Amino acid sequence: MPLPDFRLPAVVFIALALVGCGKEGKRAPSAPLGVAPTYEVRDSAATRRRLNYQDQMTLADRAYQSGSLAAAEKNARTALKLDGDRPEAYLMLATLAARRGEDAAAGGLYRKAAELAPERGDVLNNYGAWLCTHGRPAESLVWFDRALAAPGYATPASALANAGGCALDAGQSERAARDLRAALQAEPGNAYALESMARSEYAQGRYFEARAFSQRRLAAAPATRSVLQLASEIEAQLGDTVASGRYLQRIRDEFPQDAAPNSRG
C-alpha cells in the first residue's frame, strides 16, 4: 500500500500567504512537515525455523542424490533439530540407515515418520513397503490401506501395487488379484504390479497369462535378476527351452556378480 501524502493542499498555502500580507514584516509560520511512519517487517521465529528446515532438507536431498551420504545425514539431523514433528528428516535418516544395512534402525525411523504424518499417503506407503520386505507382509497391508485412504494421495497405484504384491506374499490371493488389477488400471506400466501378476499367474499354473505379464514387465522397466529368472521358468513350463535359455544367458551377461542362475522347471 502507498504511504499517505502529508503535504497540505495548495489552497491552504494561499490562505496562509494572505494572512501574512496583513501583518507588517511577519510571515506565516510554515506548516509542519508530515513524516511517513517507519515499518519494520520480520518473520516470526516459527517461520524462520520452517524455512531453515526446508533449506536443510533440500541440501540433504541434493547430497544424497550426489552420493554424499555423510553430508545428507548431517543436513537431515540439523533439520530434525529445527523441527522434530515433521516426517521428511526421519525418512531421509531411514533411507540412509537402510543403505548402511541397519534394518532395525531404518524400520523405527520409517514408523516414526508414519506416526507423525498419519494423512501422508507416501509416508504410510514407505513404512508398509519396509514391513513387507522384512518378513511382515500381512502387517504391511494395514499401512497400505491407510495410505490409500489418505486424502489427496497423489500416487495410489504405488500403494495398490505394493498391497497386491505383499498380499501375494501373505497368501491372500484374492486380495492380491484385486489390488494388482486396480494398480494396473491406474498405471498400466507399473513394473512391480506387472511382476507380481506374472508371479501370481505362474503360481496358479496359468503359464500363458504369466508370460504375457512377464513380457509387459520386461518392456516397462530395466530387467532385474528375479524378473529374468521368472521369465525363464515360465518359458520352461511352456516347453520353450530356447527362450528359457535366452533368459538364463541374460542373467549371466547382465548380472555376472550373482550366483549362477537356476531353473525350478
# chains A, B, ... in the order shown; residues from 1 in each chain; ligands from 1
call {"tool": "residues_around", "arguments": {"residues": "Pro87 of chain A", "least_positions_apart": "3", "cutoff": "10 Å", "atoms": "only C-alpha atoms", "output": "MDAnalysis selection string"}}
result
chainID A and resid 80 83:84 90:92 109:117 120 123
call {"tool": "residues_around", "arguments": {"residues": "Ala106 of chain A", "least_positions_apart": "4", "cutoff": "6 Å", "atoms": "only C-alpha atoms", "output": "list of chain:residue names"}}
result
A:Ala94, A:Ala97, A:Ala98
call {"tool": "atom_distance", "arguments": {"atom1": "atom CA of Trp143 of chain A", "atom2": "atom CA of Thr224 of chain A"}}
result
26.4 Å
call {"tool": "residues_around", "arguments": {"residues": "Phe213 of chain A", "least_positions_apart": "2", "cutoff": "8 Å", "atoms": "only C-alpha atoms", "output": "JSON, numbers by chain"}}
result
{"A": [194, 195, 197, 198, 209, 210, 211, 215, 216, 217]}
call {"tool": "write_last_selection", "arguments": {"atoms": "C-alpha atoms", "output": "short mmCIF file (atom, residue, chain, number, x, y, z; two decimals), in the first residue's frame"}}
result
data_model
loop_
_atom_site.label_atom_id
_atom_site.label_comp_id
_atom_site.auth_asym_id
_atom_site.auth_seq_id
_atom_site.Cartn_x
_atom_site.Cartn_y
_atom_site.Cartn_z
CA LEU A 194 3.24 -56.48 -13.62
CA GLU A 195 5.92 -58.61 -11.98
CA MET A 197 0.82 -60.53 -11.63
CA ALA A 198 3.30 -62.70 -13.51
CA GLU A 209 -1.09 -65.45 -18.78
CA ALA A 210 2.12 -65.38 -16.76
CA ARG A 211 4.14 -65.00 -19.97
CA GLN A 215 6.75 -59.67 -21.23
CA ARG A 216 4.91 -56.50 -20.25
CA ARG A 217 7.11 -56.22 -17.19
#
call {"tool": "residues_around", "arguments": {"residues": "segment 166-168 of chain A", "least_positions_apart": "2", "cutoff": "10 Å", "atoms": "only C-alpha atoms", "output": "JSON, numbers by chain"}}
result
{"A": [128, 129, 131, 132, 133, 135, 136, 137, 138, 139, 140, 141, 144, 160, 161, 162, 163, 164, 170, 171, 172, 173, 174, 175, 176, 177, 178, 179, 180, 196, 197, 199, 200]}
call {"tool": "write_last_selection", "arguments": {"atoms": "N, CA and C atoms", "output": "mmCIF file, in the first residue's frame"}}
result
data_model
loop_
_atom_site.group_PDB
_atom_site.id
_atom_site.type_symbol
_atom_site.label_atom_id
_atom_site.label_comp_id
_atom_site.auth_asym_id
_atom_site.auth_seq_id
_atom_site.Cartn_x
_atom_site.Cartn_y
_atom_site.Cartn_z
ATOM 1 N N GLY A 128 4.851 -49.293 5.024
ATOM 2 C CA GLY A 128 4.289 -50.576 4.615
ATOM 3 C C GLY A 128 5.264 -51.376 3.767
ATOM 4 N N ALA A 129 5.952 -50.698 2.852
ATOM 5 C CA ALA A 129 6.927 -51.386 1.999
ATOM 6 C C ALA A 129 8.068 -51.961 2.832
ATOM 7 N N LEU A 131 7.907 -52.942 5.980
ATOM 8 C CA LEU A 131 7.391 -54.115 6.691
ATOM 9 C C LEU A 131 7.340 -55.333 5.774
ATOM 10 N N CYS A 132 6.851 -55.125 4.556
ATOM 11 C CA CYS A 132 6.689 -56.244 3.632
ATOM 12 C C CYS A 132 8.025 -56.873 3.275
ATOM 13 N N THR A 133 9.034 -56.042 3.049
ATOM 14 C CA THR A 133 10.340 -56.569 2.651
ATOM 15 C C THR A 133 11.135 -57.108 3.829
ATOM 16 N N GLY A 135 9.728 -59.385 6.079
ATOM 17 C CA GLY A 135 9.049 -60.567 6.583
ATOM 18 C C GLY A 135 7.730 -60.333 7.281
ATOM 19 N N ARG A 136 7.113 -59.182 7.073
ATOM 20 C CA ARG A 136 5.841 -58.887 7.737
ATOM 21 C C ARG A 136 4.802 -58.424 6.716
ATOM 22 N N PRO A 137 4.549 -59.258 5.680
ATOM 23 C CA PRO A 137 3.651 -58.822 4.607
ATOM 24 C C PRO A 137 2.214 -58.598 5.061
ATOM 25 N N ALA A 138 1.696 -59.455 5.947
ATOM 26 C CA ALA A 138 0.312 -59.270 6.399
ATOM 27 C C ALA A 138 0.156 -57.958 7.161
ATOM 28 N N GLU A 139 1.128 -57.638 8.011
ATOM 29 C CA GLU A 139 1.078 -56.390 8.773
ATOM 30 C C GLU A 139 1.182 -55.176 7.854
ATOM 31 N N SER A 140 1.919 -55.330 6.772
ATOM 32 C CA SER A 140 2.105 -54.196 5.862
ATOM 33 C C SER A 140 0.802 -53.763 5.213
ATOM 34 N N LEU A 141 -0.132 -54.693 5.044
ATOM 35 C CA LEU A 141 -1.379 -54.374 4.347
ATOM 36 C C LEU A 141 -2.177 -53.301 5.073
ATOM 37 N N PHE A 144 -0.760 -50.002 3.929
ATOM 38 C CA PHE A 144 -1.153 -49.669 2.557
ATOM 39 C C PHE A 144 -2.603 -49.193 2.520
ATOM 40 N N LEU A 160 -1.288 -49.495 -4.222
ATOM 41 C CA LEU A 160 -2.069 -50.643 -4.690
ATOM 42 C C LEU A 160 -1.151 -51.768 -5.163
ATOM 43 N N ALA A 161 -0.116 -51.409 -5.914
ATOM 44 C CA ALA A 161 0.828 -52.428 -6.381
ATOM 45 C C ALA A 161 1.538 -53.087 -5.206
ATOM 46 N N ASN A 162 1.973 -52.280 -4.252
ATOM 47 C CA ASN A 162 2.635 -52.834 -3.069
ATOM 48 C C ASN A 162 1.692 -53.739 -2.288
ATOM 49 N N ALA A 163 0.448 -53.274 -2.126
ATOM 50 C CA ALA A 163 -0.531 -54.081 -1.391
ATOM 51 C C ALA A 163 -0.769 -55.404 -2.096
ATOM 52 N N GLY A 164 -0.885 -55.368 -3.427
ATOM 53 C CA GLY A 164 -1.118 -56.603 -4.164
ATOM 54 C C GLY A 164 0.043 -57.572 -4.063
ATOM 55 N N ALA A 170 1.632 -62.809 1.514
ATOM 56 C CA ALA A 170 0.912 -63.192 2.729
ATOM 57 C C ALA A 170 -0.084 -64.317 2.484
ATOM 58 N N GLY A 171 -0.154 -64.813 1.253
ATOM 59 C CA GLY A 171 -1.073 -65.900 0.937
ATOM 60 C C GLY A 171 -2.503 -65.462 0.727
ATOM 61 N N GLN A 172 -2.725 -64.182 0.507
ATOM 62 C CA GLN A 172 -4.076 -63.650 0.296
ATOM 63 C C GLN A 172 -4.274 -63.410 -1.205
ATOM 64 N N SER A 173 -4.535 -64.496 -1.935
ATOM 65 C CA SER A 173 -4.540 -64.427 -3.397
ATOM 66 C C SER A 173 -5.674 -63.569 -3.945
ATOM 67 N N GLU A 174 -6.838 -63.608 -3.303
ATOM 68 C CA GLU A 174 -7.959 -62.812 -3.805
ATOM 69 C C GLU A 174 -7.671 -61.324 -3.673
ATOM 70 N N ARG A 175 -7.158 -60.937 -2.521
ATOM 71 C CA ARG A 175 -6.811 -59.526 -2.358
ATOM 72 C C ARG A 175 -5.692 -59.145 -3.322
ATOM 73 N N ALA A 176 -4.733 -60.035 -3.504
ATOM 74 C CA ALA A 176 -3.622 -59.739 -4.409
ATOM 75 C C ALA A 176 -4.134 -59.432 -5.807
ATOM 76 N N ALA A 177 -5.015 -60.290 -6.322
ATOM 77 C CA ALA A 177 -5.544 -60.079 -7.672
ATOM 78 C C ALA A 177 -6.316 -58.770 -7.759
ATOM 79 N N ARG A 178 -7.121 -58.484 -6.736
ATOM 80 C CA ARG A 178 -7.914 -57.244 -6.735
ATOM 81 C C ARG A 178 -7.028 -56.011 -6.774
ATOM 82 N N ASP A 179 -6.044 -55.969 -5.882
ATOM 83 C CA ASP A 179 -5.210 -54.773 -5.785
ATOM 84 C C ASP A 179 -4.277 -54.623 -6.985
ATOM 85 N N LEU A 180 -3.758 -55.733 -7.484
ATOM 86 C CA LEU A 180 -2.851 -55.643 -8.623
ATOM 87 C C LEU A 180 -3.579 -55.177 -9.878
ATOM 88 N N SER A 196 4.362 -58.834 -10.140
ATOM 89 C CA SER A 196 3.566 -59.586 -9.167
ATOM 90 C C SER A 196 2.455 -60.367 -9.852
ATOM 91 N N MET A 197 1.840 -59.795 -10.886
ATOM 92 C CA MET A 197 0.817 -60.529 -11.629
ATOM 93 C C MET A 197 1.429 -61.732 -12.336
ATOM 94 N N ARG A 199 4.007 -63.424 -11.296
ATOM 95 C CA ARG A 199 4.235 -64.415 -10.235
ATOM 96 C C ARG A 199 2.940 -65.109 -9.841
ATOM 97 N N SER A 200 1.868 -64.321 -9.726
ATOM 98 C CA SER A 200 0.578 -64.871 -9.318
ATOM 99 C C SER A 200 0.060 -65.881 -10.343
#
call {"tool": "atom_distance", "arguments": {"atom1": "atom CA of Gly101 of chain A", "atom2": "atom CA of Gln54 of chain A"}}
result
27.2 Å
call {"tool": "closest_atom_pairs", "arguments": {"of": "segment 24-128 of chain A", "to": "segment 146-153 of chain A", "cutoff": "7 Å", "atoms": "only C-alpha atoms", "output": "CSV"}}
result
residue,atom,partner,partner_atom,distance
A:Glu119,CA,A:Ala150,CA,5.0
A:Arg120,CA,A:Ala150,CA,6.2
A:Gly121,CA,A:Ala147,CA,4.0
A:Asp122,CA,A:Ala147,CA,6.8
A:Leu124,CA,A:Ala147,CA,5.2
A:Asn125,CA,A:Ala147,CA,5.7
call {"tool": "select_by_dssp", "arguments": {"residues": "segment 69-100 of chain A", "states": "alpha helix (DSSP H)", "output": "number ranges by chain"}}
result
A: 69-82, 88-99
call {"tool": "atom_distance", "arguments": {"atom1": "atom CA of Ala203 of chain A", "atom2": "atom CA of Arg250 of chain A"}}
result
23.0 Å
call {"tool": "decode", "arguments": {"residues": "segment 112-135 of chain A", "atoms": "N, CA and C atoms", "output": "compact mmCIF listing (two decimals), in the first residue's frame"}}
result
# COMPACT_ATOMS: atom_id res chain seq x y z
N LYS A 112 8.35 -43.95 12.81
CA LYS A 112 8.23 -42.63 13.42
C LYS A 112 7.68 -41.63 12.42
N ALA A 113 8.18 -41.67 11.19
CA ALA A 113 7.68 -40.77 10.15
C ALA A 113 6.20 -41.01 9.90
N ALA A 114 5.79 -42.28 9.85
CA ALA A 114 4.38 -42.60 9.61
C ALA A 114 3.49 -42.12 10.75
N GLU A 115 3.97 -42.23 11.97
CA GLU A 115 3.18 -41.76 13.12
C GLU A 115 3.03 -40.24 13.12
N LEU A 116 4.05 -39.54 12.63
CA LEU A 116 3.99 -38.08 12.58
C LEU A 116 3.13 -37.58 11.43
N ALA A 117 2.92 -38.41 10.42
CA ALA A 117 2.18 -37.97 9.23
C ALA A 117 1.09 -38.98 8.87
N PRO A 118 0.07 -39.13 9.73
CA PRO A 118 -0.95 -40.16 9.50
C PRO A 118 -1.83 -39.90 8.29
N GLU A 119 -1.72 -38.73 7.67
CA GLU A 119 -2.51 -38.43 6.48
C GLU A 119 -1.63 -38.23 5.25
N ARG A 120 -0.37 -38.63 5.34
CA ARG A 120 0.54 -38.56 4.18
C ARG A 120 0.64 -39.95 3.56
N GLY A 121 -0.06 -40.15 2.45
CA GLY A 121 -0.07 -41.47 1.84
C GLY A 121 1.29 -41.99 1.46
N ASP A 122 2.18 -41.11 0.98
CA ASP A 122 3.51 -41.55 0.58
C ASP A 122 4.32 -42.06 1.77
N VAL A 123 4.17 -41.40 2.91
CA VAL A 123 4.91 -41.80 4.11
C VAL A 123 4.39 -43.15 4.63
N LEU A 124 3.08 -43.32 4.64
CA LEU A 124 2.48 -44.57 5.09
C LEU A 124 2.86 -45.72 4.16
N ASN A 125 2.88 -45.45 2.87
CA ASN A 125 3.28 -46.46 1.89
C ASN A 125 4.73 -46.90 2.11
N ASN A 126 5.60 -45.95 2.44
CA ASN A 126 7.01 -46.29 2.68
C ASN A 126 7.16 -47.27 3.84
N TYR A 127 6.42 -47.01 4.92
CA TYR A 127 6.55 -47.91 6.07
C TYR A 127 5.97 -49.28 5.75
N GLY A 128 4.85 -49.29 5.02
CA GLY A 128 4.29 -50.58 4.61
C GLY A 128 5.26 -51.38 3.77
N ALA A 129 5.95 -50.70 2.85
CA ALA A 129 6.93 -51.39 2.00
C ALA A 129 8.07 -51.96 2.83
N TRP A 130 8.50 -51.20 3.85
CA TRP A 130 9.57 -51.72 4.70
C TRP A 130 9.11 -52.97 5.44
N LEU A 131 7.91 -52.94 5.98
CA LEU A 131 7.39 -54.11 6.69
C LEU A 131 7.34 -55.33 5.77
N CYS A 132 6.85 -55.12 4.56
CA CYS A 132 6.69 -56.24 3.63
C CYS A 132 8.02 -56.87 3.27
N THR A 133 9.03 -56.04 3.05
CA THR A 133 10.34 -56.57 2.65
C THR A 133 11.13 -57.11 3.83
N HIS A 134 10.57 -57.00 5.03
CA HIS A 134 11.26 -57.53 6.21
C HIS A 134 10.42 -58.59 6.91
N GLY A 135 9.73 -59.38 6.08
CA GLY A 135 9.05 -60.57 6.58
C GLY A 135 7.73 -60.33 7.28
